[in-house]
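Engineer: I'm passing along my_file29.txt; it holds compact mmCIF, C-alpha atoms.
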```txt
# COMPACT_ATOMS: atom_id res chain seq x y z
CA MET A 1317 46.69 -41.34 53.46
CA PHE A 1318 44.51 -39.35 51.02
CA GLY A 1319 41.55 -41.44 52.18
CA ASN A 1320 42.11 -40.33 55.76
CA CYS A 1321 42.06 -36.71 54.62
CA LEU A 1322 38.69 -37.32 52.93
CA GLU A 1323 37.22 -38.99 55.99
CA ASN A 1324 38.37 -36.13 58.23
CA VAL A 1325 36.46 -33.66 56.05
CA LYS A 1326 33.28 -35.70 56.23
CA LYS A 1327 33.62 -36.12 60.00
CA SER A 1328 34.36 -32.48 60.84
CA VAL A 1329 32.18 -30.71 58.21
CA PRO A 1330 34.46 -27.65 58.01
CA LEU A 1331 32.76 -24.29 57.53
CA VAL A 1332 34.60 -22.32 54.84
CA HIS A 1333 34.26 -18.59 54.20
CA ASN A 1334 34.57 -17.83 50.49
CA ILE A 1335 35.26 -14.46 48.95
CA THR A 1336 35.11 -15.81 45.45
CA ASN A 1337 34.17 -14.67 41.99
CA TYR A 1338 30.59 -14.30 40.88
CA VAL A 1339 31.12 -16.45 37.77
CA THR A 1340 31.55 -19.61 39.83
CA VAL A 1341 30.21 -18.85 43.29
CA ASN A 1342 27.30 -21.30 43.09
CA ASP A 1343 29.51 -24.16 41.91
CA VAL A 1344 32.03 -23.47 44.67
CA ALA A 1345 29.25 -23.71 47.24
CA ASN A 1346 27.94 -26.95 45.75
CA VAL A 1347 31.38 -28.57 45.61
CA LEU A 1348 31.95 -27.72 49.25
CA LEU A 1349 28.64 -29.34 50.15
CA ALA A 1350 29.45 -32.33 47.94
CA CYS A 1351 32.80 -33.01 49.62
CA GLY A 1352 31.31 -32.87 53.10
CA GLY A 1353 32.11 -29.27 53.99
CA SER A 1354 29.86 -26.28 54.54
CA PRO A 1355 30.11 -23.04 52.53
CA ILE A 1356 29.35 -19.46 53.40
CA MET A 1357 29.77 -16.61 50.94
CA SER A 1358 30.32 -13.07 52.17
CA ASP A 1359 32.21 -10.19 50.58
CA ASP A 1360 30.89 -6.96 52.12
CA ARG A 1361 33.49 -5.19 54.22
CA GLU A 1362 30.95 -4.68 57.02
CA ASP A 1363 30.32 -8.42 57.17
CA VAL A 1364 33.50 -10.34 56.38
CA GLU A 1365 35.30 -10.10 59.72
CA ASP A 1366 32.33 -11.48 61.64
CA ILE A 1367 31.75 -14.23 59.08
CA THR A 1368 35.36 -15.37 58.89
CA SER A 1369 35.47 -15.45 62.69
CA ILE A 1370 32.86 -18.21 62.83
CA CYS A 1371 34.47 -20.27 60.06
CA GLY A 1372 37.35 -22.70 60.08
CA GLY A 1373 39.10 -21.34 57.00
CA LEU A 1374 39.04 -18.62 54.35
CA ASN A 1375 39.19 -18.96 50.55
CA ILE A 1376 40.12 -15.74 48.71
CA ASN A 1377 39.62 -15.79 44.93
CA ILE A 1378 40.44 -12.67 42.88
CA GLY A 1379 38.61 -13.74 39.72
CA THR A 1380 36.15 -10.81 39.59
CA LEU A 1381 37.90 -8.08 41.53
CA ASN A 1382 36.19 -4.78 42.22
CA GLN A 1383 36.77 -1.83 44.51
CA ASN A 1384 34.14 -3.06 46.97
CA THR A 1385 35.54 -6.54 47.49
CA ILE A 1386 39.27 -5.80 47.48
CA PRO A 1387 39.20 -4.18 50.96
CA SER A 1388 37.09 -7.10 52.17
CA MET A 1389 39.81 -9.54 51.17
CA PHE A 1390 42.36 -7.75 53.30
CA LEU A 1391 40.00 -7.39 56.26
CA ALA A 1392 38.99 -11.06 56.20
CA GLY A 1393 42.54 -12.26 55.59
CA LYS A 1394 43.96 -10.34 58.52
CA LYS A 1395 41.12 -11.47 60.80
CA ALA A 1396 41.70 -15.10 59.80
CA ASN A 1397 45.43 -14.67 60.52
CA GLU A 1398 44.61 -13.20 63.91
CA LEU A 1399 42.46 -16.24 64.70
CA GLY A 1400 44.95 -18.76 63.33
CA HIS A 1401 42.63 -19.98 60.57
CA PRO A 1402 44.02 -21.39 57.31
CA VAL A 1403 43.79 -18.98 54.39
CA LEU A 1404 43.97 -19.92 50.69
CA LEU A 1405 44.70 -17.52 47.83
CA ASP A 1406 43.50 -18.25 44.29
CA PRO A 1407 45.17 -15.52 42.17
CA VAL A 1408 42.88 -15.91 39.16
CA GLY A 1409 44.24 -14.04 36.15
CA ALA A 1410 47.28 -12.60 37.93
CA GLY A 1411 49.43 -11.38 35.05
CA ALA A 1412 46.41 -10.57 32.87
CA SER A 1413 45.90 -7.06 34.26
CA ARG A 1414 47.66 -4.61 36.52
CA LEU A 1415 44.78 -4.63 39.03
CA ARG A 1416 44.86 -8.41 39.42
CA THR A 1417 48.64 -8.57 39.63
CA ASP A 1418 49.01 -5.68 42.06
CA THR A 1419 46.18 -6.91 44.30
CA ALA A 1420 47.62 -10.43 44.47
CA LEU A 1421 51.09 -9.14 45.28
CA LYS A 1422 49.77 -6.79 47.97
CA LEU A 1423 47.74 -9.61 49.51
CA LEU A 1424 50.94 -11.64 49.71
CA GLU A 1425 52.60 -8.77 51.57
CA GLU A 1426 49.83 -8.21 54.11
CA VAL A 1427 48.16 -11.60 54.63
CA GLU A 1428 49.81 -14.86 55.67
CA PHE A 1429 48.58 -17.61 53.37
CA THR A 1430 48.51 -21.30 54.17
CA VAL A 1431 48.05 -22.31 50.53
CA ILE A 1432 48.34 -20.56 47.18
CA ARG A 1433 46.59 -22.41 44.34
CA GLY A 1434 46.74 -21.37 40.72
CA ASN A 1435 47.89 -22.26 37.24
CA ILE A 1436 51.59 -22.07 36.44
CA SER A 1437 51.38 -18.62 34.81
CA GLU A 1438 49.60 -17.14 37.84
CA ILE A 1439 52.14 -18.66 40.22
CA LYS A 1440 55.05 -17.39 38.13
CA THR A 1441 53.49 -13.92 38.21
CA LEU A 1442 53.50 -14.02 42.02
CA ALA A 1443 57.10 -15.24 42.03
CA TYR A 1444 58.46 -12.66 39.62
CA GLY A 1445 56.08 -9.74 40.06
CA SER A 1446 54.84 -9.89 36.47
CA GLY A 1447 53.84 -12.43 33.90
CA SER A 1448 51.50 -13.31 31.07
CA THR A 1449 48.36 -15.39 30.89
CA LYS A 1450 45.78 -16.26 28.26
CA GLY A 1451 42.96 -14.41 29.98
CA VAL A 1452 42.53 -16.45 33.14
CA ASP A 1453 44.23 -19.52 31.66
CA ALA A 1454 47.89 -20.47 31.74
CA ASP A 1455 50.17 -19.32 28.94
CA VAL A 1456 51.02 -22.35 26.79
CA ALA A 1457 54.70 -21.41 27.03
CA ASP A 1458 54.56 -21.92 30.82
CA ALA A 1459 52.94 -25.37 30.74
CA VAL A 1460 54.37 -28.07 33.00
CA THR A 1461 55.34 -31.02 30.78
CA GLU A 1462 57.31 -34.20 31.34
CA GLU A 1463 60.29 -32.41 29.79
CA SER A 1464 60.05 -29.38 32.09
CA LEU A 1465 58.89 -31.31 35.17
CA ALA A 1466 62.17 -31.39 37.09
CA ASP A 1467 62.63 -27.63 36.73
CA ALA A 1468 58.98 -26.99 37.63
CA VAL A 1469 59.25 -29.11 40.80
CA SER A 1470 62.39 -27.22 41.82
CA PHE A 1471 60.69 -23.86 41.16
CA VAL A 1472 57.55 -24.71 43.14
CA LYS A 1473 59.47 -26.09 46.13
CA SER A 1474 61.74 -23.05 46.16
CA LEU A 1475 58.81 -20.61 46.04
CA ALA A 1476 56.93 -22.52 48.74
CA GLY A 1477 60.00 -22.35 50.98
CA LYS A 1478 60.46 -18.65 50.29
CA LEU A 1479 56.80 -17.78 51.02
CA GLY A 1480 56.44 -20.26 53.88
CA CYS A 1481 53.28 -21.83 52.51
CA ILE A 1482 52.00 -24.66 50.33
CA ILE A 1483 52.01 -23.97 46.60
CA ALA A 1484 49.57 -25.89 44.41
CA VAL A 1485 50.06 -25.56 40.66
CA THR A 1486 47.29 -27.15 38.62
CA GLY A 1487 47.37 -28.08 34.95
CA ALA A 1488 47.97 -31.18 32.83
CA ILE A 1489 50.41 -32.23 35.55
CA ASP A 1490 49.64 -30.93 39.04
CA LEU A 1491 52.29 -29.98 41.61
CA VAL A 1492 51.59 -29.54 45.32
CA ALA A 1493 54.62 -28.62 47.40
CA ASP A 1494 56.07 -27.13 50.53
CA GLY A 1495 59.74 -26.25 50.75
CA GLU A 1496 60.88 -29.87 51.04
CA LYS A 1497 58.38 -32.19 49.35
CA CYS A 1498 56.39 -32.06 46.12
CA TYR A 1499 53.46 -34.25 45.11
CA VAL A 1500 53.37 -34.74 41.33
CA ILE A 1501 49.76 -35.63 40.47
CA ARG A 1502 48.46 -36.94 37.16
CA ASN A 1503 44.72 -37.23 37.76
CA GLY A 1504 42.19 -35.37 35.62
CA ARG A 1505 40.90 -34.97 32.07
CA LYS A 1506 41.72 -32.28 29.53
CA GLU A 1507 37.96 -31.83 29.02
CA MET A 1508 37.75 -30.29 32.51
CA GLY A 1509 39.13 -27.15 30.87
CA LEU A 1510 35.83 -26.79 28.98
CA ILE A 1511 34.03 -26.08 32.26
CA THR A 1512 34.23 -22.62 33.76
CA GLY A 1513 35.43 -22.75 37.34
CA THR A 1514 36.93 -26.17 38.02
CA GLY A 1515 39.92 -24.34 39.49
CA CYS A 1516 37.67 -22.15 41.64
CA GLN A 1517 35.84 -25.24 42.82
CA LEU A 1518 39.14 -26.89 43.70
CA SER A 1519 40.17 -23.88 45.79
CA GLY A 1520 37.03 -24.16 47.91
CA LEU A 1521 37.48 -27.92 48.20
CA MET A 1522 41.15 -27.56 49.10
CA THR A 1523 40.37 -25.04 51.83
CA ALA A 1524 37.99 -27.54 53.43
CA TYR A 1525 40.63 -30.26 53.26
CA VAL A 1526 43.31 -28.07 54.83
CA VAL A 1527 40.96 -26.99 57.62
CA ALA A 1528 39.99 -30.59 58.40
CA ASN A 1529 43.57 -31.90 58.42
CA PRO A 1530 45.62 -29.42 60.47
CA GLU A 1531 48.44 -31.91 61.13
CA ASN A 1532 48.81 -32.93 57.47
CA ARG A 1533 48.12 -29.84 55.41
CA LEU A 1534 50.44 -30.68 52.52
CA GLU A 1535 48.91 -34.12 52.14
CA ALA A 1536 45.42 -32.65 52.49
CA ALA A 1537 46.06 -30.15 49.69
CA ALA A 1538 47.43 -32.93 47.49
CA ALA A 1539 44.43 -35.13 48.33
CA ALA A 1540 42.08 -32.36 47.22
CA VAL A 1541 43.87 -32.04 43.88
CA SER A 1542 43.78 -35.79 43.30
CA LEU A 1543 40.11 -35.96 44.28
CA MET A 1544 39.13 -33.20 41.87
CA GLY A 1545 41.03 -34.81 39.02
CA LEU A 1546 39.66 -38.25 39.80
CA ALA A 1547 36.13 -36.82 39.90
CA GLY A 1548 36.82 -35.44 36.43
CA GLU A 1549 37.81 -38.91 35.25
CA ILE A 1550 34.78 -40.60 36.81
CA GLY A 1551 32.39 -37.92 35.59
CA PHE A 1552 33.72 -38.15 32.04
CA ALA A 1553 33.37 -41.95 32.03
CA ARG A 1554 29.67 -41.51 32.81
CA MET A 1555 28.93 -39.09 29.95
CA GLN A 1556 26.21 -40.16 27.53
CA GLU A 1557 25.54 -39.30 23.89
CA GLY A 1558 24.24 -35.76 23.72
CA ASP A 1559 25.86 -34.68 26.99
CA GLY A 1560 27.99 -31.54 26.98
CA ASN A 1561 30.01 -29.40 29.35
CA SER A 1562 27.01 -28.47 31.50
CA THR A 1563 26.26 -32.12 32.19
CA TYR A 1564 29.95 -32.78 32.72
CA ARG A 1565 30.05 -30.11 35.44
CA ASN A 1566 27.21 -31.83 37.25
CA ARG A 1567 28.77 -35.27 36.87
CA ILE A 1568 31.99 -33.99 38.44
CA ILE A 1569 30.11 -32.59 41.43
CA ASP A 1570 28.19 -35.87 41.75
CA ALA A 1571 31.46 -37.82 41.65
CA ILE A 1572 32.82 -35.66 44.47
CA TYR A 1573 29.61 -36.25 46.46
CA ASN A 1574 29.90 -40.02 46.04
CA MET A 1575 33.68 -40.27 46.53
CA ASP A 1576 34.83 -42.48 49.38
CA ALA A 1577 38.22 -43.13 50.91
CA LYS A 1578 38.77 -46.43 49.09
CA THR A 1579 37.98 -44.96 45.67
CA LEU A 1580 40.30 -42.02 46.27
CA GLU A 1581 43.16 -44.18 47.54
CA GLU A 1582 42.88 -46.55 44.58
CA GLY A 1583 42.39 -43.85 41.97
CA ALA A 1584 44.95 -41.25 43.06
CA LYS A 1585 47.88 -41.09 40.63
CA TYR A 1586 50.85 -39.40 42.23
CA GLU A 1587 54.51 -39.58 43.08
CA VAL A 1588 56.55 -37.66 45.64
CA ARG A 1589 59.69 -35.76 44.67
```
Written as structure tokens, how would this file's structure read?

Structural biologist:
Amino acid sequence: MFGNCLENVKKSVPLVHNITNYVTVNDVANVLLACGGSPIMSDDREDVEDITSICGGLNINIGTLNQNTIPSMFLAGKKANELGHPVLLDPVGAGASRLRTDTALKLLEEVEFTVIRGNISEIKTLAYGSGSTKGVDADVADAVTEESLADAVSFVKSLAGKLGCIIAVTGAIDLVADGEKCYVIRNGRKEMGLITGTGCQLSGLMTAYVVANPENRLEAAAAAVSLMGLAGEIGFARMQEGDGNSTYRNRIIDAIYNMDAKTLEEGAKYEVR
């Protein structure tokens, strides 16, 4: 199943419009190329409606908000809705500042999202209207553990049903759910947290997967999460003495580039609840 999602991306080469943060924009573009998609980055309000019109999907990431790009997010999001294109929201740092929280909540009010992907603290902020994060990282108190898993699955499914979209919560244990089904995914390495932007990269990757698999969007989102985590495992296994987080970033992107359907099917670690 996940392998089919991968093959559909490589066959269709989805063009994804990214309004993403300037810390990770280059890596997002490279991950999209590596997975078989095609990236375009545009965040000027005079440009975004035209650009999103020629793309298959839109990835909105609020990681480096400013007063120039916020209006662009709304313009592009509404244009994508008008055209029936999938839209993903990555609410980076929601809960860390009023601007981030208020912008994310207003986007939820005015734009229809296909997928929302974030860490558990960011997702809880969207659910409750406020929250706390460690900068742009999840609050340790919110972490999804084996002990809290049942409650976390129930929370994510309930929120997905309420918002009418797919919710993807990433962390030590990943959850990808709609209102009825939740994929519990255990791929990945803790060392991925030493690289800036693996979450941002995943949001671009996930947008491509959702665009390329319109009949199986939940499975496509889950496949993207498994693929990213598996790439982290493969990349880490190939580290050499003297390698650090910069090399690890490149090895992850290379693992995504070289991933095939068989490797993904055999390496994906998930259950459905």

Engineer: For Ala1468 in chain A, list every protein, DNA or RNA residue within 10 Å, evaluated using all atoms listed in the file, and leave out those in the same chain fewer than 5 positions away; present the list as a VMD selection string.

Structural biologist: chain A and resid 1436 1458 to 1463 1473 to 1474 1485 1491

Engineer: Mind checking which residues fall within 7 Å of range 1544-1556 of chain A, counting all atoms listed in the file, ignoring those fewer than 6 positions away in the same chain, and posting them as a PyMOL selection string?

Structural biologist: chain A and resi 1503-1505+1508+1518+1564+1567-1568+1571-1572+1583-1584

Engineer: Counting only C-alpha atoms, which of A:Val1403, A:Ala1392, A:Val1588, A:Ile1439 gets nearest to Ser1369 in chain A?

Structural biologist: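 Of A:Val1403, A:Ala1392, A:Val1588, A:Ile1439, the one nearest Ser1369 in chain A is A:Ala1392, counting only C-alpha atoms.
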
Engineer: Considering only C-alpha atoms, state which residue in the set A:Ile1511, A:Val1469, A:Val1364, A:Ile1370 is at the smallest distance from Asn1384 in chain A.

Structural biologist: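 Nearest to Asn1384 in chain A: A:Val1364.
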
Engineer: List every protein, DNA or RNA residue with an atom no more than 6 Å from (34.8, -11.7, 50.9) in the file's coordinates, counting all atoms listed in the file, and format the result as an MDAnalysis selection string.

Structural biologist: chainID A and resid 1335 1358:1359 1364 1388:1389

Engineer: Around the point (53.9, -20.8, 49.8) (coordinates from the file), which residues reach within 12 Å if we count all atoms listed in the file? Answer as a VMD selection string.

Structural biologist: chain A and resid 1403 to 1405 1424 1427 to 1434 1439 1442 to 1443 1471 to 1485 1492 to 1496 1534

Engineer: Expressed in Å to a single decimal, how great is the separation between CA of Cys1498 in chain A and CA of Leu1374 in chain A?

Structural biologist: 23.4 Å

Engineer: Please compute the CA of Met1522 in chain A-CA of Asp1559 in chain A distance, one decimal, in Å.

Structural biologist: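 If I compute the distance from CA of Met1522 in chain A to CA of Asp1559 in chain A, I get 27.8 Å.
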